[in-house]
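Coordinates as given in query-v9.cif (mmCIF, N, CA and C atoms):
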data_structure
loop_
_atom_site.label_atom_id
_atom_site.label_comp_id
_atom_site.auth_asym_id
_atom_site.auth_seq_id
_atom_site.Cartn_x
_atom_site.Cartn_y
_atom_site.Cartn_z
N MET A 201 71.95 121.95 162.23
CA MET A 201 70.89 121.02 161.93
C MET A 201 70.80 120.06 163.11
N GLN A 202 69.59 119.88 163.59
CA GLN A 202 69.38 118.99 164.72
C GLN A 202 68.51 117.82 164.28
N PHE A 203 68.82 116.66 164.79
CA PHE A 203 68.01 115.48 164.53
C PHE A 203 67.28 115.11 165.81
N SER A 204 66.10 114.62 165.65
CA SER A 204 65.35 114.18 166.82
C SER A 204 65.95 112.89 167.33
N SER A 205 65.73 112.63 168.57
CA SER A 205 66.28 111.41 169.15
C SER A 205 65.67 110.17 168.51
N ALA A 206 64.46 110.26 168.00
CA ALA A 206 63.82 109.12 167.34
C ALA A 206 64.54 108.78 166.04
N VAL A 207 64.96 109.79 165.27
CA VAL A 207 65.68 109.56 164.03
C VAL A 207 67.04 108.94 164.32
N ILE A 208 67.72 109.48 165.31
CA ILE A 208 69.04 108.95 165.68
C ILE A 208 68.92 107.51 166.14
N MET A 209 67.89 107.19 166.92
CA MET A 209 67.69 105.82 167.40
C MET A 209 67.39 104.88 166.23
N ALA A 210 66.62 105.34 165.25
CA ALA A 210 66.28 104.50 164.10
C ALA A 210 67.52 104.22 163.26
N ILE A 211 68.35 105.25 163.05
CA ILE A 211 69.58 105.06 162.27
C ILE A 211 70.52 104.11 163.02
N ALA A 212 70.63 104.27 164.31
CA ALA A 212 71.50 103.41 165.12
C ALA A 212 71.01 101.97 165.08
N ALA A 213 69.71 101.77 164.98
CA ALA A 213 69.16 100.41 164.98
C ALA A 213 69.44 99.68 163.67
N ILE A 214 69.38 100.43 162.53
CA ILE A 214 69.58 99.74 161.25
C ILE A 214 71.02 99.79 160.76
N ALA A 215 71.83 100.67 161.27
CA ALA A 215 73.20 100.82 160.80
C ALA A 215 74.00 99.54 160.86
N PRO A 216 73.96 98.79 161.97
CA PRO A 216 74.77 97.57 161.98
C PRO A 216 74.35 96.57 160.91
N SER A 217 73.07 96.49 160.62
CA SER A 217 72.65 95.51 159.61
C SER A 217 72.95 95.98 158.19
N VAL A 218 72.98 97.30 157.97
CA VAL A 218 73.26 97.82 156.63
C VAL A 218 74.74 97.87 156.36
N PHE A 219 75.51 98.41 157.31
CA PHE A 219 76.91 98.65 157.07
C PHE A 219 77.82 97.49 157.45
N ALA A 220 77.34 96.58 158.26
CA ALA A 220 78.19 95.48 158.71
C ALA A 220 77.88 94.18 157.99
N THR A 221 76.94 94.21 157.08
CA THR A 221 76.57 93.00 156.35
C THR A 221 77.70 92.62 155.39
N PRO A 222 78.29 91.44 155.57
CA PRO A 222 79.36 91.05 154.65
C PRO A 222 78.79 90.78 153.26
N VAL A 223 79.55 91.17 152.28
CA VAL A 223 79.16 90.95 150.89
C VAL A 223 79.98 89.77 150.38
N ALA A 224 79.30 88.78 149.83
CA ALA A 224 80.00 87.60 149.31
C ALA A 224 80.79 87.98 148.07
N ALA A 225 82.00 87.48 147.98
CA ALA A 225 82.84 87.73 146.81
C ALA A 225 82.26 86.97 145.63
N PRO A 226 82.32 87.55 144.44
CA PRO A 226 81.80 86.82 143.27
C PRO A 226 82.65 85.58 143.02
N GLU A 227 81.97 84.54 142.56
CA GLU A 227 82.68 83.30 142.27
C GLU A 227 83.52 83.47 141.01
N ALA A 228 84.70 82.87 141.02
CA ALA A 228 85.58 82.92 139.85
C ALA A 228 84.97 82.09 138.74
N ALA A 229 85.09 82.58 137.54
CA ALA A 229 84.59 81.83 136.39
C ALA A 229 85.49 80.62 136.15
N VAL A 230 84.87 79.52 135.90
CA VAL A 230 85.62 78.29 135.62
C VAL A 230 85.63 78.09 134.12
N VAL A 231 86.82 77.98 133.55
CA VAL A 231 86.95 77.76 132.12
C VAL A 231 87.44 76.34 131.92
N GLU A 232 86.68 75.58 131.20
CA GLU A 232 87.05 74.19 130.94
C GLU A 232 88.08 74.12 129.82
N ASN A 233 89.08 73.30 130.00
CA ASN A 233 90.08 73.06 128.96
C ASN A 233 89.58 71.89 128.12
N PRO A 234 89.23 72.13 126.86
CA PRO A 234 88.68 71.04 126.05
C PRO A 234 89.65 69.90 125.81
N MET A 235 90.93 70.12 126.06
CA MET A 235 91.91 69.05 125.84
C MET A 235 92.26 68.36 127.15
N GLY A 236 91.56 68.69 128.25
CA GLY A 236 91.82 68.05 129.53
C GLY A 236 92.68 68.91 130.43
N ALA A 237 92.36 68.88 131.73
CA ALA A 237 93.05 69.75 132.70
C ALA A 237 94.53 69.44 132.81
N GLU A 238 94.92 68.22 132.59
CA GLU A 238 96.31 67.84 132.75
C GLU A 238 97.12 67.97 131.47
N ASN A 239 96.53 68.51 130.43
CA ASN A 239 97.18 68.55 129.13
C ASN A 239 98.18 69.70 129.04
N PRO A 240 99.47 69.39 128.88
CA PRO A 240 100.45 70.46 128.71
C PRO A 240 100.39 71.11 127.34
N LEU A 241 99.58 70.56 126.43
CA LEU A 241 99.47 71.11 125.08
C LEU A 241 98.17 71.87 124.90
N ALA A 242 97.69 72.48 125.98
CA ALA A 242 96.47 73.28 125.90
C ALA A 242 96.65 74.36 124.85
N LYS A 243 95.55 74.87 124.34
CA LYS A 243 95.59 75.84 123.25
C LYS A 243 96.44 77.06 123.63
N ARG A 244 97.51 77.24 122.93
CA ARG A 244 98.40 78.39 123.08
C ARG A 244 99.25 78.46 121.83
N SER A 245 100.13 79.42 121.76
CA SER A 245 100.95 79.57 120.56
C SER A 245 101.72 78.28 120.27
N PHE A 246 101.79 77.93 119.02
CA PHE A 246 102.51 76.73 118.62
C PHE A 246 104.00 76.85 118.87
N MET A 247 104.52 78.06 119.01
CA MET A 247 105.95 78.25 119.20
C MET A 247 106.45 77.66 120.52
N ASP A 248 105.54 77.39 121.46
CA ASP A 248 105.93 76.79 122.73
C ASP A 248 106.22 75.30 122.60
N THR A 249 105.61 74.64 121.61
CA THR A 249 105.71 73.18 121.53
C THR A 249 106.05 72.66 120.13
N CYS A 250 106.40 73.55 119.21
CA CYS A 250 106.76 73.14 117.85
C CYS A 250 108.16 73.61 117.52
N TYR A 251 108.86 72.82 116.71
CA TYR A 251 110.27 73.07 116.43
C TYR A 251 110.53 72.89 114.93
N ASN A 252 111.67 73.41 114.47
CA ASN A 252 112.09 73.26 113.08
C ASN A 252 111.02 73.74 112.09
N CYS A 253 110.38 74.83 112.41
CA CYS A 253 109.34 75.37 111.52
C CYS A 253 110.00 76.00 110.29
N HIS A 254 109.41 75.71 109.15
CA HIS A 254 109.94 76.28 107.91
C HIS A 254 108.81 76.41 106.89
N TRP A 255 109.08 77.23 105.91
CA TRP A 255 108.17 77.49 104.82
C TRP A 255 108.35 76.44 103.75
N LYS A 256 107.31 75.82 103.32
CA LYS A 256 107.37 74.83 102.25
C LYS A 256 106.62 75.44 101.08
N ASP A 257 107.37 76.06 100.18
CA ASP A 257 106.77 76.81 99.08
C ASP A 257 106.39 75.87 97.95
N ASP A 258 105.27 75.17 98.14
CA ASP A 258 104.79 74.22 97.13
C ASP A 258 104.37 74.97 95.87
N ASN A 259 103.44 75.86 96.04
CA ASN A 259 102.95 76.73 94.96
C ASN A 259 102.10 77.80 95.62
N ARG A 260 101.60 78.71 94.83
CA ARG A 260 100.84 79.83 95.41
C ARG A 260 99.54 79.38 96.07
N LEU A 261 99.01 78.27 95.67
CA LEU A 261 97.73 77.86 96.23
C LEU A 261 97.85 77.12 97.55
N THR A 262 99.02 76.61 97.84
CA THR A 262 99.21 75.94 99.14
C THR A 262 100.41 76.54 99.85
N TRP A 263 100.17 77.56 100.61
CA TRP A 263 101.22 78.17 101.45
C TRP A 263 101.37 77.28 102.66
N THR A 264 102.34 76.41 102.65
CA THR A 264 102.46 75.41 103.70
C THR A 264 103.52 75.78 104.73
N LEU A 265 103.09 75.82 106.00
CA LEU A 265 104.00 75.96 107.13
C LEU A 265 104.16 74.56 107.70
N GLU A 266 105.41 74.12 107.84
CA GLU A 266 105.68 72.77 108.33
C GLU A 266 106.52 72.84 109.59
N CYS A 267 106.15 72.06 110.62
CA CYS A 267 106.86 72.04 111.91
C CYS A 267 106.85 70.63 112.48
N ASP A 268 107.71 70.40 113.44
CA ASP A 268 107.69 69.19 114.25
C ASP A 268 107.07 69.61 115.59
N CYS A 269 105.88 69.04 115.92
CA CYS A 269 105.14 69.50 117.09
C CYS A 269 104.90 68.38 118.09
N ASP A 270 105.07 68.71 119.37
CA ASP A 270 104.84 67.74 120.44
C ASP A 270 103.37 67.34 120.50
N ASN A 271 103.12 66.07 120.88
CA ASN A 271 101.75 65.63 121.12
C ASN A 271 101.66 65.04 122.53
N LYS A 272 100.44 64.67 122.94
CA LYS A 272 100.23 64.16 124.31
C LYS A 272 100.94 62.83 124.55
N ALA A 273 101.23 62.09 123.49
CA ALA A 273 101.90 60.79 123.63
C ALA A 273 103.41 60.95 123.82
N GLY A 274 103.90 62.20 123.82
CA GLY A 274 105.33 62.43 124.00
C GLY A 274 106.12 62.33 122.71
N GLN A 275 105.45 62.26 121.60
CA GLN A 275 106.12 62.20 120.30
C GLN A 275 106.19 63.59 119.69
N ARG A 276 106.94 63.72 118.61
CA ARG A 276 107.07 65.00 117.91
C ARG A 276 106.94 64.76 116.41
N PRO A 277 105.72 64.49 115.93
CA PRO A 277 105.52 64.24 114.50
C PRO A 277 105.64 65.54 113.69
N THR A 278 105.97 65.37 112.41
CA THR A 278 105.99 66.51 111.48
C THR A 278 104.55 66.77 111.07
N THR A 279 104.16 68.03 111.13
CA THR A 279 102.81 68.43 110.77
C THR A 279 102.89 69.69 109.91
N SER A 280 101.83 69.95 109.17
CA SER A 280 101.84 71.15 108.32
C SER A 280 100.45 71.75 108.29
N ILE A 281 100.41 73.01 107.87
CA ILE A 281 99.14 73.70 107.73
C ILE A 281 99.21 74.58 106.48
N ASN A 282 98.13 74.60 105.73
CA ASN A 282 98.02 75.45 104.55
C ASN A 282 97.52 76.82 105.04
N LEU A 283 98.37 77.83 104.98
CA LEU A 283 98.01 79.15 105.49
C LEU A 283 96.92 79.82 104.68
N ASN A 284 96.64 79.33 103.47
CA ASN A 284 95.51 79.85 102.70
C ASN A 284 94.19 79.58 103.41
N ASN A 285 94.19 78.58 104.28
CA ASN A 285 92.99 78.27 105.05
C ASN A 285 92.80 79.23 106.22
N CYS A 286 93.79 80.11 106.45
CA CYS A 286 93.76 80.99 107.62
C CYS A 286 93.89 82.47 107.28
N LEU A 287 94.47 82.79 106.12
CA LEU A 287 94.79 84.17 105.78
C LEU A 287 94.08 84.63 104.51
N ALA A 288 93.76 85.93 104.48
CA ALA A 288 93.12 86.53 103.31
C ALA A 288 93.82 87.84 102.98
N ASN A 289 93.59 88.30 101.77
CA ASN A 289 94.07 89.60 101.32
C ASN A 289 92.90 90.56 101.38
N ALA A 290 93.00 91.55 102.28
CA ALA A 290 91.96 92.57 102.40
C ALA A 290 92.49 93.87 101.81
N ASN A 291 92.37 94.02 100.51
CA ASN A 291 92.83 95.21 99.79
C ASN A 291 94.31 95.52 100.05
N GLY A 292 95.12 94.48 99.96
CA GLY A 292 96.57 94.67 100.10
C GLY A 292 97.11 94.41 101.49
N ILE A 293 96.24 94.04 102.43
CA ILE A 293 96.67 93.77 103.81
C ILE A 293 96.30 92.34 104.17
N MET A 294 97.27 91.58 104.68
CA MET A 294 97.00 90.22 105.11
C MET A 294 96.20 90.25 106.42
N VAL A 295 95.10 89.49 106.45
CA VAL A 295 94.26 89.42 107.64
C VAL A 295 93.90 87.96 107.91
N TRP A 296 93.48 87.69 109.16
CA TRP A 296 93.03 86.35 109.52
C TRP A 296 91.61 86.16 109.01
N ARG A 297 91.39 85.09 108.24
CA ARG A 297 90.06 84.77 107.76
C ARG A 297 90.03 83.31 107.35
N ARG A 298 89.02 82.59 107.82
CA ARG A 298 88.87 81.17 107.48
C ARG A 298 88.71 81.03 105.97
N ASN A 299 89.51 80.13 105.37
CA ASN A 299 89.50 79.88 103.93
C ASN A 299 89.70 81.15 103.12
N GLY A 300 90.60 82.01 103.58
CA GLY A 300 90.82 83.31 102.96
C GLY A 300 91.48 83.27 101.60
N GLY A 301 92.28 82.25 101.32
CA GLY A 301 92.89 82.11 99.99
C GLY A 301 93.85 83.21 99.61
N ALA A 302 94.62 83.72 100.57
CA ALA A 302 95.53 84.84 100.30
C ALA A 302 96.55 84.53 99.20
N GLY A 303 96.89 83.28 99.01
CA GLY A 303 97.88 82.91 98.01
C GLY A 303 97.50 83.29 96.60
N GLY A 304 96.21 83.48 96.35
CA GLY A 304 95.77 83.86 95.02
C GLY A 304 96.16 85.28 94.63
N SER A 305 96.43 86.15 95.62
CA SER A 305 96.75 87.55 95.29
C SER A 305 97.90 88.10 96.13
N CYS A 306 98.61 87.24 96.84
CA CYS A 306 99.77 87.66 97.64
C CYS A 306 100.98 86.81 97.27
N ASP A 307 102.15 87.43 97.30
CA ASP A 307 103.39 86.71 97.03
C ASP A 307 104.16 86.56 98.33
N PRO A 308 104.43 85.31 98.74
CA PRO A 308 105.16 85.10 99.99
C PRO A 308 106.59 85.61 99.88
N ILE A 309 107.10 86.13 100.99
CA ILE A 309 108.46 86.64 101.01
C ILE A 309 109.32 85.85 101.99
N ASP A 310 108.90 85.78 103.27
CA ASP A 310 109.78 85.17 104.25
C ASP A 310 109.06 84.88 105.56
N LEU A 311 109.64 83.94 106.32
CA LEU A 311 109.27 83.71 107.71
C LEU A 311 110.32 84.39 108.56
N GLY A 312 109.92 84.91 109.70
CA GLY A 312 110.89 85.56 110.58
C GLY A 312 110.58 85.26 112.03
N TYR A 313 111.61 85.22 112.85
CA TYR A 313 111.45 85.00 114.28
C TYR A 313 111.70 86.31 115.00
N SER A 314 110.80 86.65 115.93
CA SER A 314 110.96 87.88 116.68
C SER A 314 110.35 87.71 118.07
N ARG A 315 111.16 87.79 119.10
CA ARG A 315 110.70 87.71 120.50
C ARG A 315 109.80 86.51 120.75
N GLY A 316 110.18 85.35 120.33
CA GLY A 316 109.40 84.14 120.57
C GLY A 316 108.21 83.95 119.66
N SER A 317 108.07 84.78 118.65
CA SER A 317 106.96 84.67 117.71
C SER A 317 107.48 84.38 116.31
N LEU A 318 106.64 83.76 115.53
CA LEU A 318 106.97 83.50 114.13
C LEU A 318 106.09 84.42 113.28
N THR A 319 106.73 85.22 112.43
CA THR A 319 105.99 86.13 111.58
C THR A 319 106.10 85.69 110.12
N PHE A 320 105.12 86.07 109.34
CA PHE A 320 105.07 85.73 107.93
C PHE A 320 104.93 87.02 107.15
N GLN A 321 105.79 87.19 106.16
CA GLN A 321 105.80 88.41 105.36
C GLN A 321 105.41 88.08 103.93
N ALA A 322 104.52 88.90 103.36
CA ALA A 322 104.08 88.72 101.98
C ALA A 322 103.68 90.08 101.40
N LYS A 323 103.72 90.16 100.09
CA LYS A 323 103.28 91.36 99.38
C LYS A 323 101.94 91.03 98.73
N CYS A 324 100.90 91.73 99.18
CA CYS A 324 99.55 91.47 98.68
C CYS A 324 99.07 92.61 97.80
N ARG A 325 98.57 92.26 96.62
CA ARG A 325 98.08 93.27 95.69
C ARG A 325 96.80 93.91 96.23
N PRO A 326 96.55 95.17 96.05
CA PRO A 326 97.26 96.11 95.20
C PRO A 326 98.36 96.89 95.92
N SER A 327 98.65 96.59 97.16
CA SER A 327 99.64 97.37 97.90
C SER A 327 101.04 97.19 97.30
N PRO A 328 101.80 98.27 97.21
CA PRO A 328 103.18 98.15 96.72
C PRO A 328 104.15 97.73 97.84
N TYR A 329 103.63 97.57 99.07
CA TYR A 329 104.49 97.26 100.22
C TYR A 329 104.23 95.87 100.73
N ALA A 330 105.27 95.28 101.33
CA ALA A 330 105.12 93.98 101.96
C ALA A 330 104.48 94.17 103.33
N GLY A 331 103.65 93.22 103.72
CA GLY A 331 103.02 93.24 105.03
C GLY A 331 103.46 92.04 105.85
N THR A 332 103.35 92.16 107.15
CA THR A 332 103.77 91.08 108.06
C THR A 332 102.61 90.75 108.99
N ILE A 333 102.44 89.46 109.25
CA ILE A 333 101.42 89.02 110.21
C ILE A 333 102.08 88.06 111.19
N ASN A 334 101.70 88.14 112.45
CA ASN A 334 102.27 87.29 113.49
C ASN A 334 101.50 85.96 113.53
N LEU A 335 102.13 84.90 113.05
CA LEU A 335 101.48 83.59 113.01
C LEU A 335 101.23 83.04 114.41
N SER A 336 102.02 83.47 115.37
CA SER A 336 101.88 82.97 116.74
C SER A 336 100.57 83.42 117.39
N GLU A 337 99.91 84.42 116.81
CA GLU A 337 98.65 84.90 117.38
C GLU A 337 97.52 83.90 117.21
N ARG A 338 97.49 83.19 116.08
CA ARG A 338 96.32 82.34 115.82
C ARG A 338 96.63 80.93 115.34
N ILE A 339 97.91 80.59 115.23
CA ILE A 339 98.25 79.20 114.88
C ILE A 339 98.55 78.47 116.19
N HIS A 340 97.98 77.28 116.35
CA HIS A 340 98.13 76.53 117.58
C HIS A 340 98.51 75.08 117.30
N ASN A 341 99.14 74.47 118.28
CA ASN A 341 99.44 73.04 118.25
C ASN A 341 98.30 72.33 118.96
N GLN A 342 97.53 71.55 118.22
CA GLN A 342 96.44 70.78 118.82
C GLN A 342 96.82 69.31 118.81
N ASN A 343 97.54 68.93 119.87
CA ASN A 343 97.99 67.56 120.05
C ASN A 343 98.82 67.06 118.87
N GLY A 344 99.80 67.87 118.47
CA GLY A 344 100.72 67.46 117.41
C GLY A 344 100.28 67.84 116.02
N VAL A 345 99.20 68.59 115.90
CA VAL A 345 98.68 69.01 114.60
C VAL A 345 98.52 70.53 114.62
N LEU A 346 99.08 71.19 113.60
CA LEU A 346 98.92 72.64 113.50
C LEU A 346 97.51 72.99 113.06
N ALA A 347 96.93 74.01 113.70
CA ALA A 347 95.59 74.46 113.36
C ALA A 347 95.53 75.97 113.53
N CYS A 348 94.63 76.61 112.78
CA CYS A 348 94.48 78.06 112.95
C CYS A 348 93.14 78.35 113.61
N ASP A 349 93.17 79.38 114.43
CA ASP A 349 92.00 79.78 115.22
C ASP A 349 91.36 80.99 114.56
N VAL A 350 90.60 80.74 113.49
CA VAL A 350 89.89 81.83 112.81
C VAL A 350 88.46 81.41 112.56
#
Translate the structure of the given file into structure tokens.
Amino acid sequence: MQFSSAVIMAIAAIAPSVFATPVAAPEAAVVENPMGAENPLAKRSFMDTCYNCHWKDDNRLTWTLECDCDNKAGQRPTTSINLNNCLANANGIMVWRRNGGAGGSCDPIDLGYSRGSLTFQAKCRPSPYAGTINLSERIHNQNGVLACDV
């Protein structure tokens, strides 16, 4: 296959502008921290900044998790969260759901620690088996107050 000298000259003329044109790198996305850039208590697992966590078995309607959690003022107040506001029973399986009310049809069994995470075990009807959910996935310390991200 032969090319005419005119075609070769045209390709040579545009090649530097086509192939040598630098492409700008895409700008990195900036994510704002709603609690402030300098905040060491940014949204993350509560297990990083909360201590002495325990189950407070008030009754079935208030599944209370209680911890001592760091706040921005350098204090460690005791805080609690009603897990019924975060968990639901989906046909025998515990799932994350706002105002799920899992305590109405699940029986709490235990809290457990595993590889830096806190898990919660309960038996939810109609399942004959106990299920476990990792609380560290969606429970957070928001400036000394436990909150769930659902």
Can you list, as a PyMOL selection string, every protein, DNA or RNA residue that comes within 9 Å of Thr262 in chain A when you count only C-alpha atoms, leaving out same-chain residues fewer than 4 positions away?
chain A and resi 256-258+281-285+301+303
Give me the residues within 6.5 Å of Val350 in chain A as a short mmCIF file (atom, residue, chain, number, x, y, z; two decimals) with N, CA and C atoms, in the frame of the given file, counting only N, CA and C atoms and dropping any in the same chain fewer than 6 places off.
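Contents of the output file out-v5.cif:
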data_model
loop_
_atom_site.label_atom_id
_atom_site.label_comp_id
_atom_site.auth_asym_id
_atom_site.auth_seq_id
_atom_site.Cartn_x
_atom_site.Cartn_y
_atom_site.Cartn_z
N TRP A 296 93.48 87.69 109.16
CA TRP A 296 93.03 86.35 109.52
C TRP A 296 91.61 86.16 109.01
N ARG A 297 91.39 85.09 108.24
CA ARG A 297 90.06 84.77 107.76
C ARG A 297 90.03 83.31 107.35
N ARG A 298 89.02 82.59 107.82
CA ARG A 298 88.87 81.17 107.48
C ARG A 298 88.71 81.03 105.97
N ARG A 338 97.49 83.19 116.08
CA ARG A 338 96.32 82.34 115.82
C ARG A 338 96.63 80.93 115.34
#
Run through the PyMOL selection byres ((chain A and resi 345) around 7) on the given coordinates and return the selected residues as a tab-separated table (two decimals) with N, CA and C atoms, in the coordinates of the input.
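Writing done, so here's expr10.tsv:
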chain	number	residue	atom	x	y	z
A	269	CYS	N	105.88	69.04	115.92
A	269	CYS	CA	105.14	69.50	117.09
A	269	CYS	C	104.90	68.38	118.09
A	270	ASP	N	105.07	68.71	119.37
A	270	ASP	CA	104.84	67.74	120.44
A	270	ASP	C	103.37	67.34	120.50
A	271	ASN	N	103.12	66.07	120.88
A	271	ASN	CA	101.75	65.63	121.12
A	271	ASN	C	101.66	65.04	122.53
A	279	THR	N	104.16	68.03	111.13
A	279	THR	CA	102.81	68.43	110.77
A	279	THR	C	102.89	69.69	109.91
A	280	SER	N	101.83	69.95	109.17
A	280	SER	CA	101.84	71.15	108.32
A	280	SER	C	100.45	71.75	108.29
A	340	HIS	N	97.98	77.28	116.35
A	340	HIS	CA	98.13	76.53	117.58
A	340	HIS	C	98.51	75.08	117.30
A	341	ASN	N	99.14	74.47	118.28
A	341	ASN	CA	99.44	73.04	118.25
A	341	ASN	C	98.30	72.33	118.96
A	342	GLN	N	97.53	71.55	118.22
A	342	GLN	CA	96.44	70.78	118.82
A	342	GLN	C	96.82	69.31	118.81
A	343	ASN	N	97.54	68.93	119.87
A	343	ASN	CA	97.99	67.56	120.05
A	343	ASN	C	98.82	67.06	118.87
A	344	GLY	N	99.80	67.87	118.47
A	344	GLY	CA	100.72	67.46	117.41
A	344	GLY	C	100.28	67.84	116.02
A	346	LEU	N	99.08	71.19	113.60
A	346	LEU	CA	98.92	72.64	113.50
A	346	LEU	C	97.51	72.99	113.06
A	347	ALA	N	96.93	74.01	113.70
A	347	ALA	CA	95.59	74.46	113.36
A	347	ALA	C	95.53	75.97	113.53
How far is it from CA of Ser317 in chain A to CA of Leu265 in chain A, in Å with one decimal?
14.0 Å
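Those residues returned by the PyMOL selection byres ((chain A and resi 333-336) around 8) for this file are Arg244, Ser245, Phe246, Met247, Met294, Val295, Gly316, Ser317, Leu318, Thr319, Phe320, Gln321, Ala322, Ala330, Gly331, Thr332, Glu337, Arg338, Ile339 and His340 of chain A.
For range 253-255 of chain A, the set of protein, DNA and RNA residues having any atom at most 6.5 Å away, when counting all atoms listed in the file and skipping those fewer than 3 positions along the same chain, is Cys250, Thr264, Leu265, Glu266, Cys267 and Asp268 of chain A.
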Find the residue from A:Asp248, A:Gly292, A:Arg276, A:Leu287 that sits nearest to Pro326 in chain A; use only N, CA and C atoms when measuring.
A:Gly292
Give as a PyMOL selection string the residues that the PyMOL selection byres ((chain A and resi 307) around 7) matches when applied to the coordinates above.
chain A and resi 302-306+308-310+321-325
Please, could you write that set of residues out with N, CA and C atoms as a PDB file, keeping the file's coordinate frame?
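After the write, selection21.pdb holds the following:
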ATOM      1  N   ALA A 302      94.620  83.720 100.570  1.00  0.00           N
ATOM      2  CA  ALA A 302      95.530  84.840 100.300  1.00  0.00           C
ATOM      3  C   ALA A 302      96.550  84.530  99.200  1.00  0.00           C
ATOM      4  N   GLY A 303      96.890  83.280  99.010  1.00  0.00           N
ATOM      5  CA  GLY A 303      97.880  82.910  98.010  1.00  0.00           C
ATOM      6  C   GLY A 303      97.500  83.290  96.600  1.00  0.00           C
ATOM      7  N   GLY A 304      96.210  83.480  96.350  1.00  0.00           N
ATOM      8  CA  GLY A 304      95.770  83.860  95.020  1.00  0.00           C
ATOM      9  C   GLY A 304      96.160  85.280  94.630  1.00  0.00           C
ATOM     10  N   SER A 305      96.430  86.150  95.620  1.00  0.00           N
ATOM     11  CA  SER A 305      96.750  87.550  95.290  1.00  0.00           C
ATOM     12  C   SER A 305      97.900  88.100  96.130  1.00  0.00           C
ATOM     13  N   CYS A 306      98.610  87.240  96.840  1.00  0.00           N
ATOM     14  CA  CYS A 306      99.770  87.660  97.640  1.00  0.00           C
ATOM     15  C   CYS A 306     100.980  86.810  97.270  1.00  0.00           C
ATOM     16  N   PRO A 308     104.430  85.310  98.740  1.00  0.00           N
ATOM     17  CA  PRO A 308     105.160  85.100  99.990  1.00  0.00           C
ATOM     18  C   PRO A 308     106.590  85.610  99.880  1.00  0.00           C
ATOM     19  N   ILE A 309     107.100  86.130 100.990  1.00  0.00           N
ATOM     20  CA  ILE A 309     108.460  86.640 101.010  1.00  0.00           C
ATOM     21  C   ILE A 309     109.320  85.850 101.990  1.00  0.00           C
ATOM     22  N   ASP A 310     108.900  85.780 103.270  1.00  0.00           N
ATOM     23  CA  ASP A 310     109.780  85.170 104.250  1.00  0.00           C
ATOM     24  C   ASP A 310     109.060  84.880 105.560  1.00  0.00           C
ATOM     25  N   GLN A 321     105.790  87.190 106.160  1.00  0.00           N
ATOM     26  CA  GLN A 321     105.800  88.410 105.360  1.00  0.00           C
ATOM     27  C   GLN A 321     105.410  88.080 103.930  1.00  0.00           C
ATOM     28  N   ALA A 322     104.520  88.900 103.360  1.00  0.00           N
ATOM     29  CA  ALA A 322     104.080  88.720 101.980  1.00  0.00           C
ATOM     30  C   ALA A 322     103.680  90.080 101.400  1.00  0.00           C
ATOM     31  N   LYS A 323     103.720  90.160 100.090  1.00  0.00           N
ATOM     32  CA  LYS A 323     103.280  91.360  99.380  1.00  0.00           C
ATOM     33  C   LYS A 323     101.940  91.030  98.730  1.00  0.00           C
ATOM     34  N   CYS A 324     100.900  91.730  99.180  1.00  0.00           N
ATOM     35  CA  CYS A 324      99.550  91.470  98.680  1.00  0.00           C
ATOM     36  C   CYS A 324      99.070  92.610  97.800  1.00  0.00           C
ATOM     37  N   ARG A 325      98.570  92.260  96.620  1.00  0.00           N
ATOM     38  CA  ARG A 325      98.080  93.270  95.690  1.00  0.00           C
ATOM     39  C   ARG A 325      96.800  93.910  96.230  1.00  0.00           C
TER      40      ARG A 325
END
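Interatomic distance, atom N of Ala288 in chain A against atom N of Gly312 in chain A: 17.0 Å.
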